[in-house]
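model_39.cif follows; it contains mmCIF, C-alpha atoms.
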data_input
#
loop_
_atom_site.label_atom_id
_atom_site.label_comp_id
_atom_site.auth_asym_id
_atom_site.auth_seq_id
_atom_site.Cartn_x
_atom_site.Cartn_y
_atom_site.Cartn_z
CA MET A 11 -202.85 -12.73 -175.64
CA ASP A 12 -203.71 -15.10 -178.43
CA GLU A 13 -202.68 -18.74 -178.44
CA LEU A 14 -200.60 -18.49 -181.60
CA SER A 15 -198.41 -15.70 -180.18
CA HIS A 16 -198.02 -17.65 -176.96
CA ASN A 17 -196.97 -20.78 -178.89
CA TYR A 18 -194.26 -18.90 -180.79
CA ALA A 19 -193.10 -17.21 -177.58
CA PHE A 20 -192.96 -20.51 -175.73
CA ALA A 21 -191.01 -22.13 -178.56
CA LEU A 22 -188.31 -19.46 -178.31
CA TYR A 23 -188.36 -19.57 -174.51
CA ASP A 24 -187.99 -23.35 -174.50
CA MET A 25 -184.98 -23.28 -176.87
CA LEU A 26 -182.95 -20.95 -174.67
CA SER A 27 -181.11 -21.46 -171.43
CA PRO A 28 -182.17 -19.36 -168.43
CA LYS A 29 -179.12 -17.11 -168.98
CA GLU A 30 -180.00 -16.52 -172.64
CA ARG A 31 -183.69 -15.76 -172.08
CA GLU A 32 -183.25 -12.25 -170.72
CA THR A 33 -180.83 -11.29 -173.50
CA ALA A 34 -183.30 -12.62 -176.06
CA MET A 35 -186.07 -10.60 -174.40
CA ASP A 36 -184.10 -7.38 -174.88
CA ALA A 37 -183.20 -8.34 -178.46
CA LEU A 38 -186.80 -9.15 -179.37
CA ALA A 39 -187.96 -5.83 -177.91
CA ALA A 40 -185.32 -4.01 -179.99
CA ILE A 41 -186.51 -5.78 -183.14
CA VAL A 42 -190.13 -4.83 -182.45
CA GLU A 43 -188.97 -1.25 -181.97
CA ASP A 44 -187.11 -1.42 -185.31
CA LEU A 45 -190.27 -2.65 -187.03
CA GLN A 46 -192.24 0.26 -185.58
CA GLU A 47 -189.65 2.79 -186.69
CA VAL A 48 -188.69 1.38 -190.11
CA GLU A 49 -191.86 0.88 -192.12
CA GLN A 50 -190.02 -0.59 -195.13
CA LEU A 51 -188.50 -3.34 -193.00
CA ARG A 52 -191.88 -4.18 -191.47
CA LYS A 53 -193.57 -4.28 -194.87
CA LEU A 54 -190.84 -6.39 -196.46
CA LEU A 55 -190.78 -8.98 -193.69
CA SER A 56 -194.60 -9.17 -193.64
CA SER A 57 -194.98 -9.29 -197.41
CA TYR A 58 -195.97 -12.25 -199.54
CA ASN A 59 -194.13 -10.67 -202.49
CA PHE A 60 -190.68 -11.70 -201.31
CA SER A 61 -189.36 -15.24 -201.12
CA ARG A 62 -188.21 -16.95 -197.94
CA ALA A 63 -184.64 -16.70 -199.20
CA GLU A 64 -184.91 -12.95 -199.80
CA LYS A 65 -186.41 -12.35 -196.36
CA GLY A 66 -183.75 -14.58 -194.84
CA GLN A 67 -181.02 -12.51 -196.51
CA VAL A 68 -182.56 -9.31 -195.11
CA LEU A 69 -182.74 -10.81 -191.61
CA ASP A 70 -179.11 -11.98 -191.88
CA ALA A 71 -177.97 -8.54 -193.05
CA VAL A 72 -179.91 -6.56 -190.47
CA TYR A 73 -179.72 -8.82 -187.40
CA GLY A 74 -177.02 -11.44 -188.07
CA LYS A 75 -174.12 -9.56 -186.46
CA ARG A 76 -176.24 -7.39 -184.16
CA PHE A 77 -177.69 -10.37 -182.28
CA ALA A 78 -174.99 -12.98 -182.88
CA ASN A 79 -174.76 -13.37 -179.08
CA VAL A 80 -178.38 -14.56 -178.88
CA PRO A 81 -178.48 -18.20 -179.98
CA HIS A 82 -181.53 -19.37 -181.88
CA LEU A 83 -182.91 -15.84 -182.37
CA LEU A 84 -182.10 -15.50 -186.06
CA PRO A 85 -183.47 -18.96 -186.97
CA PHE A 86 -186.54 -18.15 -184.87
CA LEU A 87 -187.08 -14.89 -186.77
CA LYS A 88 -186.77 -16.80 -190.05
CA VAL A 89 -189.46 -19.26 -188.95
CA VAL A 90 -191.72 -16.37 -187.98
CA SER A 91 -191.06 -14.81 -191.38
CA ASP A 92 -191.50 -18.10 -193.28
CA HIS A 93 -194.94 -18.51 -191.71
CA HIS A 94 -195.90 -14.90 -192.52
CA ARG A 95 -196.23 -13.98 -188.84
CA PHE A 96 -193.98 -10.93 -188.68
CA ALA A 97 -197.04 -8.72 -188.20
CA ASP A 98 -197.62 -10.71 -184.98
CA LEU A 99 -194.12 -10.05 -183.62
CA PRO A 100 -195.29 -7.38 -181.12
CA LYS A 101 -197.76 -9.91 -179.63
CA ILE A 102 -195.13 -12.65 -179.68
CA ASN A 103 -192.74 -10.26 -177.92
CA ALA A 104 -195.34 -9.46 -175.23
CA ALA A 105 -196.02 -13.17 -174.64
CA TYR A 106 -192.30 -13.95 -174.50
CA ARG A 107 -191.68 -11.06 -172.10
CA SER A 108 -194.44 -12.38 -169.82
CA LEU A 109 -192.90 -15.86 -169.80
CA VAL A 110 -189.47 -14.51 -168.88
CA HIS A 111 -190.83 -12.13 -166.25
CA ASP A 112 -192.96 -14.86 -164.72
CA SER A 113 -189.92 -17.14 -164.42
CA MET A 114 -188.00 -14.32 -162.74
CA GLY A 115 -190.80 -13.33 -160.34
CA VAL A 116 -191.22 -9.91 -161.97
CA LYS A 117 -194.73 -8.45 -161.77
CA GLU A 118 -196.05 -6.82 -164.93
CA GLY A 119 -198.36 -3.85 -165.04
CA ILE A 120 -199.56 -0.91 -167.08
CA ALA A 121 -198.72 2.75 -166.50
CA TYR A 122 -201.39 4.99 -168.02
CA SER A 123 -200.30 8.56 -168.69
CA ALA A 124 -201.53 11.60 -170.63
CA GLU A 125 -198.27 11.66 -172.63
CA ARG A 126 -195.65 9.02 -173.44
CA LEU A 127 -193.28 8.55 -170.50
CA SER A 128 -189.55 8.66 -171.15
CA LYS A 129 -187.50 5.55 -170.36
CA GLU A 130 -186.11 7.35 -167.30
CA GLU A 131 -189.59 8.26 -166.05
CA LEU A 132 -190.85 4.71 -166.57
CA THR A 133 -187.82 3.25 -164.78
CA SER A 134 -188.31 5.66 -161.87
CA LEU A 135 -191.99 4.71 -161.65
CA GLU A 136 -191.11 0.99 -161.76
CA LYS A 137 -188.70 1.48 -158.85
CA ALA A 138 -191.29 3.37 -156.79
CA ILE A 139 -193.97 0.73 -157.37
CA ALA A 140 -191.45 -2.07 -156.69
CA VAL A 141 -190.75 -0.58 -153.26
CA ARG A 142 -194.48 -0.49 -152.48
CA LEU A 143 -195.06 -4.07 -153.67
CA GLY A 144 -191.79 -5.54 -152.40
CA SER A 145 -190.98 -7.17 -155.73
CA GLN A 146 -189.48 -6.36 -159.12
CA VAL A 147 -191.83 -4.58 -161.50
CA SER A 148 -192.00 -4.12 -165.27
CA LEU A 149 -194.45 -1.55 -166.61
CA THR A 150 -195.78 -0.96 -170.09
CA ASN A 151 -196.69 2.65 -170.79
CA ILE A 152 -200.03 3.31 -172.47
CA VAL A 153 -201.02 6.85 -173.42
CA ASP A 154 -204.55 7.63 -172.26
CA HIS A 155 -205.69 10.99 -173.61
CA LYS A 156 -208.58 11.01 -171.12
CA LEU A 157 -206.09 11.67 -168.35
CA LEU A 158 -205.41 15.34 -167.70
CA GLY A 159 -202.01 14.63 -166.22
CA GLY A 160 -200.19 12.39 -163.77
CA VAL A 161 -200.00 8.62 -163.95
CA LYS A 162 -202.27 5.71 -163.07
CA VAL A 163 -200.66 2.27 -162.60
CA ALA A 164 -202.53 -1.03 -162.70
CA ILE A 165 -200.54 -4.00 -161.43
CA ASP A 166 -201.15 -7.21 -159.56
CA GLY A 167 -204.86 -6.46 -159.10
CA LYS A 168 -204.15 -3.03 -157.62
CA VAL A 169 -204.49 0.48 -159.03
CA PHE A 170 -202.16 3.26 -157.92
CA ASP A 171 -203.91 6.43 -159.04
CA GLY A 172 -201.70 9.49 -159.16
CA SER A 173 -203.67 11.06 -161.98
CA LEU A 174 -204.67 14.70 -161.87
CA ALA A 175 -208.36 13.72 -162.02
CA SER A 176 -207.92 11.57 -158.91
CA LYS A 177 -206.16 14.39 -157.06
CA LEU A 178 -208.89 16.85 -158.06
CA GLU A 179 -211.58 14.42 -156.88
CA GLY A 180 -209.77 14.07 -153.53
CA LEU A 181 -209.60 17.85 -153.20
CA HIS A 182 -213.29 18.11 -154.13
CA GLN A 183 -214.22 15.58 -151.44
CA LYS A 184 -212.07 17.41 -148.89
CA LEU A 185 -213.70 20.77 -149.71
CA LYS A 186 -217.15 19.22 -149.70
CA GLY A 187 -216.48 17.71 -146.29
CA GLY A 188 -215.21 21.04 -144.95
CA VAL A 189 -218.32 22.94 -146.10
CA GLN A 190 -220.67 20.47 -144.45
CA GLY A 191 -218.78 20.14 -141.20
#
Now, as a test, write the supplied structure out as structure tokens.
Amino acid sequence: MDELSHNYAFALYDMLSPKERETAMDALAAIVEDLQEVEQLRKLLSSYNFSRAEKGQVLDAVYGKRFANVPHLLPFLKVVSDHHRFADLPKINAAYRSLVHDSMGVKEGIAYSAERLSKEELTSLEKAIAVRLGSQVSLTNIVDHKLLGGVKVAIDGKVFDGSLASKLEGLHQKLKGGVQG
């Protein structure tokens, strides 16, 4: 994570009360999702061709009512926009999420899978890993086309390998051991 993203994330984190931080985390994630889905919005807010006022009007129109319950978020987004850092919002979001999770004692990890996991699958996986680790878990799904199937989770210095390749290797070792013995 780069220092600039961390600085923006910390600025938002520091402005909010502990109660507001989690709500802001969800709102920021929703905005990043919007930017991924709506190319025109992403381009406009990242562009040098529009004035601060014009970008501010767009932010007010799109997010003013939607996130009115999240204090400081709209002004924060305007600062990010004013400094032409909207392209960095996914990194800022990741840094902010880490700050909030760290304060809550939530362990972060990565779930590698051959195909994108649904929200339900990711939540189920988080619950299963949380039981094994004895703490809350938040996973980010990364598609790894090298995997044939299954899921591999890296968290807290540990790897939980439920990938098809791992299972096939285990079967291979078992068969190899049976032939020799």
- Message: Considering only C-alpha atoms, can you say which of A:Lys184, A:Lys101, A:His82, A:His93 comes closest to Ser56 (chain A)?
- Response: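 Going through A:Lys184, A:Lys101, A:His82, A:His93 one by one, the smallest distance to Ser56 (chain A) is for A:His93.
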- Spatial neighbours of Leu99 (chain A), max dist 10 Å, only C-alpha atoms, sep filter under 5 positions, as a list in words: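 Using only C-alpha atoms, the neighbours found are Ser15, Tyr18, Ala19, Leu38, Ala39, Ile41, Val42, Leu45, Leu87, Val90, Ser91, Ala104 and Ala105 of chain A.
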Using only the atoms of region 106-110 of chain A listed in the file, plus 3 Å on each side, state the axis-aligned box centre and edge lengths in Å rounded to one decimal, as lines of an AutoDock Vina configuration file.
center_x = -192.0
center_y = -13.5
center_z = -171.7
size_x = 11.0
size_y = 10.8
size_z = 11.6
- Query: Contacts of region 144-157 of chain A at 10 Å or less, counting all atoms listed in the file, minus same-chain residues fewer than 5 places along, as an MDAnalysis selection string?
  - Reply: chainID A and resid 104 107:108 111 114:129 132:133 135:139 162:166 173:176
- What is the distance between CA of Ser134 (chain A) and CA of Val110 (chain A), in Å to one decimal? 21.4 Å
- Task: Go through A:Asp44, A:Asp92, A:Asp112, A:Asp98 and flag the residue nearest Glu13 (chain A), using all atoms listed in the file for the distances.
- Result: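 Ranked by minimum distance to Glu13 (chain A), first place goes to A:Asp98.
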- Option closest in space to Ser57 (chain A), from A:Val169, A:Met25, A:Met35, A:Ala97 [counting all atoms listed in the file]: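 Closest candidate: A:Ala97.
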- Query: Quick one: residues within 12 Å of Val72 (chain A), only C-alpha atoms counted, chain neighbours fewer than 4 positions away excluded, as a list of chain:residue names?
  - Reply: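 Selected residues are A:Ile41, A:Asp44, A:Leu45, A:Val48, A:Leu51, A:Leu55, A:Lys65, A:Gly66, A:Gln67, A:Val68, A:Arg76, A:Phe77, A:Ala78, A:Leu84, A:Leu87.
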- Can you tell me, as a ChimeraX atom specification, what residues are no more than 8 Å from region 28-33 of chain A when counting all atoms listed in the file, ignoring any on the same chain fewer than 2 positions away? /A:23,26,35-37,80-81,110
- To one decimal in Å, tell me the separation between CA of Ala71 (chain A) and CA of Tyr106 (chain A). 24.1 Å
- For CA of Glu64 (chain A) and CA of Glu49 (chain A), determine how far apart the two atoms are, in Å to one decimal place.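 So the two atoms, CA of Glu64 (chain A) and CA of Glu49 (chain A), lie 17.3 Å apart.
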